[in-house]
Structures are given as C-alpha cells and as structure tokens.
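A.B. asks: This is the structure I have questions about; it appears just below.
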Amino acid sequence: MSSVTVHVALLSGEQTTIVLPWLATIEELRQMAQEEVSKSLGKLVSSSGAVLLPSDTLQQAGVQANDVITAVVQDVVIAATKHAFAAILSSGTVVAWGAPHAGGDCSAVQHQLQNVQQIQSSAFAFAALLADGSVVTWGRQDSGGDSSMVQAQLHSVCQIQANLRAFAAIKADGSVVTWGDPWSGGDCGAVRDQLQDVQQIQATNGAFAAIRTGRQVVTWGQRAFGGDSSKVRNSLQDILQVYNAGWGFAAIKAGGRIVFWGLTGDDLGEQSTGLDSIDFFQAAEYYWAAATKDGHLALGFESVSGHGSMLVPDGAGAAGMMRLDKAIAVVQPDGTVRLWGHSIPKWLSSGLRNVVRLQAASAWGPYAAIRSDGSVVTWDQDFKQAASKAVQAQLIDVRNIQATENAFAALRGDGSVVTWGQADWGGDSDAVQGQLKDVVSLQATCGAFAAVRSDGSVVTWGFPSSGGDSRACEWGRPKKPSKQIPRAKPLAKTARANAKSVLKRPSKTSRVYIGFRV
C-alpha cells in the first residue's frame, strides 16, 4: 500500500481527512492538517494516547489506515527584547527576527530549538526552555545570550526568570543557575550556597530575589535594584511573596506587614499596613498600595515628615489597582478611579467613571481604563490624552494594548487592531490593515508590533530594525508538500470524514505581505 487515509480531529469535534504516503512524516501530516483547518496545530496524539514524534514516519509511529489522530490547537506565542521578536511555532520550533544583536538571529542555535515550551527575554537576548528541561540562549552575550559557561548545569530546569541583562533558572532540585551580566545578577557566586530549595524568583531591572521553601529570601545583583538585602536580613523571614517595587523589592509577610529594600526602600525597612493580610500590591517610586481580597486598602507615601502609611476607611477601598510611572491608580467600588502620588487632570477625571478594569502597556504607559459599556479612556505618562478623538471613537471593546516607544496598538474584541502615534514607530498600520483580522494577541518591541492571528499567521509592522519586517522568515512557513504527497484534500467535517478530495497548496495571495504562516 503506497498511501494511507488518516483522520485528524480537534477537541472541538472538527475533523479533516488526509491521504498521504506511508513514508510521510508526522510533521508533514501536522502541516497538511493545519492548512486544512486554518488553525495553528501543535502536538498530534495517537488513538492510544501517545504523543507522536514529528520526525517519525507514519509507519514508525504505528499509524494504521483510517486511524483518528487528535490534534491539539496551539497558539503561536511571541516574546520580545528591545529590538527583536522570537515566536514559538505550533511545531515547537522557534523563528526570530529583528536586530541580530538583540536576538533577532537564532540561526546559530536553530537546530537546538526543538520542543520549545517557553521563552524568556532580557533587553537584548532570549532564553528558550525545552521540554526536556534544557535551555538554549541567543542574542547579545553580555545580556545573557551566551550561556556556554553554565551550559553543563542547564538541565532539569523548571522555570526561567530574567531582568534587563541577566537570567536565572530554577532547577528541579531547587538549585539556581545564573548567566549574563555579572553585576546584574548573572553571577550568584556570593550566595550560591544559600540558593537551595528555591521555589520562586522575582526580578527588578538589575537584581534577583529568590524565595526558599522555608520562606526565607536570598538576593543578588546590583545594590540599587535590591541585590543587597543585608540591612533587612533579619526581617526576611516567613515571607509569603516578593514584588518588584521599582528600584528595589517589597516582601509581603503575614499580618499585613511589608519589608522594603533597594534604592527605593533602604530607609523604609519593615512597615505595618494595618491590614490583616495582603492579597494585592503595587508600588511606584515612593508610593505603594496594598489591599485585601475584600477590598480593604492601605496606602504608603512620602511626606515632609518622612515615610508612613495609612489605612483607608471602608467605602474607599480597592476594586483594582495599577502601577503608573510615578503613581498608583486605584479603582474604587463605585467605579471611579483615584490616583495615589499624583493629581488627576480634570479632563481625565471626568472620563474615569464606571471603570471595571485598568490596563497598562508598561509601567510607563500608555494606560487605559475600560468602562462597563466597553469604551476606553487612554492617557500617557504625562497624563495627556494618548489618542485623538478620531482614534478614541474606535477604541471600543478593547482587550489589550501594547506600545512601542512612540506608538500604540489596541486589540479589540472582534479581532481587529487600532493603531496610533508616530507612523514609523508602528502608529501607521495601513500597509497591513487588510491582514489585521482575527487577531488573538499583540506584542511589541521598542519600535515595532507583531500580531498573531487565529490561523497561526503573524503580521508585523514598524521599524524593520526592531522587528517590523519579518519577510526574511520564509522558512517559518509550512514546507511545501513532497512530490509523493497528494496536494489536495479539503476540510471535511465529522459527518463527511471519509470524503476524498484534493488538498490545495496555499496560494501566494493567502500569505500576508509582512509576516509568515506557521
């Protein structure tokens, strides 16, 4: 028998039938099925529940005629450095584009990037965690792009954390491996003997803080960013959670107490909030806000007489909090918003009514308040309107906002994208607006945007040197079917799973002008 009929089914019940040679690989089957259902497909699972290896042929995988293979829909996931993107494709491989020095070129490690589970990024480098617990890195050497000095230790890794210039990996045995800029935490030699039984790592721009099983905290990296916690060492016991507090860390303890350290908090030490517990926390410069699950709120501040805190009376609690550049925004139970650390301009105050959710593209903006009717109010870090009236009218049912240094992009509930700001920085998406449909996620570098669509395709725009042009990623598109494989077989629903027809190769017009299919 030279060919075999295989049925590929999704968990939704959708199914397609494909005829292909016995010598075709599982990866070729996945790609053909993916084209048929117009969805990004990941792993293929046999009728017995075994995950099929992409490199195996159908015969090697034990696939029989008319077998039903289950395909897992897997969205493309994109990570970003300052000037490059890296996408985990549905096949578990990776494609990167943008500035080579910022991680936009992964060709040197391409053969290692298989079965990738997640990607973390520093300012100029990427680190990919593989299914077998190994780690692959690329990008600028002094930002963690070169892990060769610790590569032998990078096995059995469970999670990776990153700051601007270094990485830290937690292994299954609770030990920690670091690499990148030594001053920013890439060298943990001074505290290595303390880094045992680590459960979690938090990062500021230039330091790391690890929570151990016994709820002690170990820090390393730049002192200004919280790398030196010696002044509060005796207080760092029974820690429940650690947060990035800007130029330092904030550790939450039982009984509503907070320990601060780093440039921002060296003179704060341990503070009592007056709350019984702390479930939510935000900090910006010398201001912080803490709240319980039931909305009781405590605020920290800097006054003429020094630092202090106050417990906010009932009725003015927190229904939501967001960190701004130099202030904390708190949603009140009545849907209004108060700022802690900055006054609210009249134009903005009048729009902050019936707010149900706050969102920020970054700590530096832009910021958005989503109201109960689905409309959005936006502002920048200078508390000026972030969008013109014409753009503001389009900001309806906004689900996500991303920003480059001088432009913004908003993803709406219907899968469309609205952009504004300086054209070259991604504010003008006219060239790709026709492709910005059925978008499920957005990502941004300093100068470009990337949009992932529901069919797994990616659309990019903005400065090419920052990832705005991904046309060089041709190899990220599906491979052309081999001559042995029939080129055709249209989508068949469950009711006509045994129908036979011809699978058409994707036409050139079906490809986005700037972007790729995965």
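Labeling convention for the structure tokens: chains A, B, ... as they appear, residues from 1 per chain, ligands from 1 in order of appearance.
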Quick one: residues within 7 Å of range 115-131 of chain A, only C-alpha atoms, excluding same-chain residues fewer than 6 positions away - as a PyMOL selection string?
C.D. replies: chain A and resi 79-82+88+92-93+101-103+137-140+143-145+160-166
A.B. asks: Since we have the selection now, will you write its residues out, keeping C-alpha atoms, as a tab-separated table (two decimals), in the first residue's frame?
C.D. replies:
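Output contents, as saved in result-v5.tsv:
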```
chain	number	residue	atom	x	y	z
A	79	ALA	CA	8.40	37.08	23.16
A	80	ALA	CA	10.26	40.35	22.62
A	81	THR	CA	13.53	42.03	23.53
A	82	LYS	CA	14.00	45.76	22.90
A	88	ILE	CA	7.31	29.61	19.39
A	92	GLY	CA	7.60	23.63	18.97
A	93	THR	CA	10.32	25.24	16.88
A	101	HIS	CA	22.40	41.87	18.19
A	102	ALA	CA	19.12	41.88	20.16
A	103	GLY	CA	18.19	38.25	19.50
A	137	THR	CA	20.12	31.02	24.50
A	138	TRP	CA	20.95	33.56	21.81
A	139	GLY	CA	21.40	37.31	21.44
A	140	ARG	CA	23.88	39.74	22.95
A	143	SER	CA	22.76	40.33	28.23
A	144	GLY	CA	22.55	36.57	28.64
A	145	GLY	CA	22.73	35.49	25.01
A	160	ILE	CA	13.48	30.89	33.99
A	161	GLN	CA	13.42	34.49	35.22
A	162	ALA	CA	15.09	37.49	33.56
A	163	ASN	CA	15.97	41.09	34.26
A	164	LEU	CA	17.38	43.58	31.76
A	165	ARG	CA	20.80	41.94	31.42
A	166	ALA	CA	20.80	38.54	33.14
```
A.B. asks: For Trp461 in chain A, which of A:Gly256, A:Asp424, A:Gly434, A:Gln392 is the closest residue, counting only C-alpha atoms?
C.D. replies: A:Asp424
A.B. asks: Give me the residues within 9 Å of Ser235 in chain A as a list of chain:residue names, counting only C-alpha atoms and dropping any in the same chain fewer than 3 places off.
C.D. replies: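 The neighbour list is A:Lys231, A:Val232, A:Asp238, A:Ile239, A:Val259, A:Gly269, A:Glu270.
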A.B. asks: Contacts between range 241-253 of chain A and range 165-218 of chain A, please, where a residue of range 165-218 of chain A counts if it comes within 12 Å (with only C-alpha atoms); show its shortest atom pair and distance in Å to one decimal, rows by chain and ascending number, as JSON lines.
C.D. replies:
```
{"residue": "A:Gln199", "atom": "CA", "partner": "A:Gln241", "partner_atom": "CA", "distance": 10.9}
{"residue": "A:Gln200", "atom": "CA", "partner": "A:Gln241", "partner_atom": "CA", "distance": 9.0}
{"residue": "A:Ile201", "atom": "CA", "partner": "A:Val242", "partner_atom": "CA", "distance": 8.4}
{"residue": "A:Gln202", "atom": "CA", "partner": "A:Val242", "partner_atom": "CA", "distance": 6.6}
{"residue": "A:Ala203", "atom": "CA", "partner": "A:Asn244", "partner_atom": "CA", "distance": 6.4}
{"residue": "A:Thr204", "atom": "CA", "partner": "A:Asn244", "partner_atom": "CA", "distance": 5.5}
{"residue": "A:Asn205", "atom": "CA", "partner": "A:Trp247", "partner_atom": "CA", "distance": 7.8}
{"residue": "A:Gly206", "atom": "CA", "partner": "A:Trp247", "partner_atom": "CA", "distance": 8.8}
{"residue": "A:Ala207", "atom": "CA", "partner": "A:Gly248", "partner_atom": "CA", "distance": 8.3}
{"residue": "A:Phe208", "atom": "CA", "partner": "A:Phe249", "partner_atom": "CA", "distance": 9.1}
{"residue": "A:Ala209", "atom": "CA", "partner": "A:Val242", "partner_atom": "CA", "distance": 7.6}
{"residue": "A:Ala210", "atom": "CA", "partner": "A:Val242", "partner_atom": "CA", "distance": 8.5}
{"residue": "A:Ile211", "atom": "CA", "partner": "A:Val242", "partner_atom": "CA", "distance": 7.8}
{"residue": "A:Arg212", "atom": "CA", "partner": "A:Gln241", "partner_atom": "CA", "distance": 10.7}
{"residue": "A:Thr213", "atom": "CA", "partner": "A:Gln241", "partner_atom": "CA", "distance": 11.8}
{"residue": "A:Arg215", "atom": "CA", "partner": "A:Gln241", "partner_atom": "CA", "distance": 8.7}
{"residue": "A:Gln216", "atom": "CA", "partner": "A:Gln241", "partner_atom": "CA", "distance": 10.3}
{"residue": "A:Val217", "atom": "CA", "partner": "A:Val242", "partner_atom": "CA", "distance": 8.6}
{"residue": "A:Val218", "atom": "CA", "partner": "A:Val242", "partner_atom": "CA", "distance": 10.9}
```
A.B. asks: Just the selected residues (C-alpha atoms), exported as a short mmCIF file (atom, residue, chain, number, x, y, z; two decimals), in the first residue's frame, please.
C.D. replies:
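What landed in part10.cif:
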```
data_model
loop_
_atom_site.label_atom_id
_atom_site.label_comp_id
_atom_site.auth_asym_id
_atom_site.auth_seq_id
_atom_site.Cartn_x
_atom_site.Cartn_y
_atom_site.Cartn_z
CA GLN A 199 10.56 27.89 44.85
CA GLN A 200 10.30 31.23 43.08
CA ILE A 201 12.46 34.08 41.74
CA GLN A 202 11.43 37.71 41.30
CA ALA A 203 13.42 40.34 39.36
CA THR A 204 13.93 44.08 39.19
CA ASN A 205 15.85 45.72 36.34
CA GLY A 206 19.21 44.73 37.80
CA ALA A 207 18.76 42.19 40.61
CA PHE A 208 17.07 38.93 41.64
CA ALA A 209 15.31 37.77 44.81
CA ALA A 210 14.66 34.08 45.47
CA ILE A 211 12.09 32.66 47.90
CA ARG A 212 13.12 29.38 49.50
CA THR A 213 10.86 26.61 50.75
CA ARG A 215 10.06 31.27 53.25
CA GLN A 216 13.48 32.94 53.53
CA VAL A 217 14.66 35.35 50.83
CA VAL A 218 18.07 35.41 49.11
#
```
A.B. asks: By how many Å are CA of Pro366 in chain A and CA of Ile344 in chain A apart?
C.D. replies: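 So the answer is 15.3 Å.
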A.B. asks: Identify all residues of range 387-475 of chain A in strand (DSSP E or B) (DSSP on the backbone) and supply them as a ChimeraX atom specification.
C.D. replies: /A:396,398-403,407-412,417-421,439-444,448-453,458-462
A.B. asks: Could you take the residues named above and write them with C-alpha atoms, as a PDB file, in the first residue's frame?
C.D. replies:
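Here's the written file result-v4.pdb:
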```
ATOM      1  CA  ILE A 396     -14.432  50.050  21.737  1.00  0.00           C
ATOM      2  CA  VAL A 398     -10.521  46.862  23.819  1.00  0.00           C
ATOM      3  CA  ARG A 399      -8.972  43.650  25.156  1.00  0.00           C
ATOM      4  CA  ASN A 400      -5.274  44.505  25.108  1.00  0.00           C
ATOM      5  CA  ILE A 401      -2.965  47.464  24.498  1.00  0.00           C
ATOM      6  CA  GLN A 402       0.700  47.348  23.503  1.00  0.00           C
ATOM      7  CA  ALA A 403       3.141  50.189  22.901  1.00  0.00           C
ATOM      8  CA  ALA A 407       3.146  54.420  19.062  1.00  0.00           C
ATOM      9  CA  PHE A 408       0.286  52.327  20.371  1.00  0.00           C
ATOM     10  CA  ALA A 409      -1.806  49.368  19.213  1.00  0.00           C
ATOM     11  CA  ALA A 410      -5.103  48.197  20.692  1.00  0.00           C
ATOM     12  CA  LEU A 411      -6.658  44.767  20.133  1.00  0.00           C
ATOM     13  CA  ARG A 412     -10.458  44.819  20.022  1.00  0.00           C
ATOM     14  CA  VAL A 417      -6.433  46.295  15.649  1.00  0.00           C
ATOM     15  CA  VAL A 418      -6.402  50.081  16.060  1.00  0.00           C
ATOM     16  CA  THR A 419      -3.045  51.897  15.910  1.00  0.00           C
ATOM     17  CA  TRP A 420      -1.997  55.475  16.549  1.00  0.00           C
ATOM     18  CA  GLY A 421       1.136  57.532  17.268  1.00  0.00           C
ATOM     19  CA  VAL A 439      -6.007  38.773  15.788  1.00  0.00           C
ATOM     20  CA  VAL A 440      -5.690  36.943  19.109  1.00  0.00           C
ATOM     21  CA  SER A 441      -2.626  38.625  20.638  1.00  0.00           C
ATOM     22  CA  LEU A 442      -0.231  41.557  20.244  1.00  0.00           C
ATOM     23  CA  GLN A 443       3.434  42.010  21.188  1.00  0.00           C
ATOM     24  CA  ALA A 444       5.795  44.973  20.824  1.00  0.00           C
ATOM     25  CA  ALA A 448       7.616  47.549  16.060  1.00  0.00           C
ATOM     26  CA  PHE A 449       4.483  45.460  16.597  1.00  0.00           C
ATOM     27  CA  ALA A 450       3.638  41.803  15.925  1.00  0.00           C
ATOM     28  CA  ALA A 451       0.076  40.472  15.760  1.00  0.00           C
ATOM     29  CA  VAL A 452      -0.785  36.765  15.964  1.00  0.00           C
ATOM     30  CA  ARG A 453      -3.934  35.709  14.099  1.00  0.00           C
ATOM     31  CA  VAL A 458       1.850  36.647  12.157  1.00  0.00           C
ATOM     32  CA  VAL A 459       1.650  40.219  10.870  1.00  0.00           C
ATOM     33  CA  THR A 460       4.364  42.781  11.667  1.00  0.00           C
ATOM     34  CA  TRP A 461       4.818  46.497  11.118  1.00  0.00           C
ATOM     35  CA  GLY A 462       7.023  49.359  12.357  1.00  0.00           C
TER      36      GLY A 462
END
```
A.B. asks: Can you pull out the residues contacting Val95 in chain A? Cut-off 8 Å, using only C-alpha atoms, and skip same-chain residues under 3 positions away; I want them as a PDB file with C-alpha atoms, in the first residue's frame.
C.D. replies:
```pdb
ATOM      1  CA  ALA A  86      11.005  35.342  18.856  1.00  0.00           C
ATOM      2  CA  ALA A  87       7.968  33.144  18.198  1.00  0.00           C
ATOM      3  CA  ILE A  88       7.307  29.611  19.386  1.00  0.00           C
ATOM      4  CA  LEU A  89       5.574  27.953  16.459  1.00  0.00           C
ATOM      5  CA  CYS A 106      18.804  32.431  16.125  1.00  0.00           C
ATOM      6  CA  CYS A 473      11.328  34.338   7.964  1.00  0.00           C
ATOM      7  CA  GLY A 476       8.777  29.714   9.148  1.00  0.00           C
TER       8      GLY A 476
END
```
A.B. asks: Name the residues in contact with Ala71 in chain A at a cut-off of 10 Å, using only C-alpha atoms, excluding same-chain residues fewer than 3 positions from it; report them as a ChimeraX atom specification.
C.D. replies: /A:8-11,15,30,33-34,40-46,51,68,74
A.B. asks: So, with only C-alpha atoms as the atoms that count, which of A:Pro100, A:Gly320, A:Gly255, A:Gly274 lies closest to Ser465 in chain A?
C.D. replies: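 The shortest atom-to-atom distance to Ser465 in chain A comes from A:Pro100.
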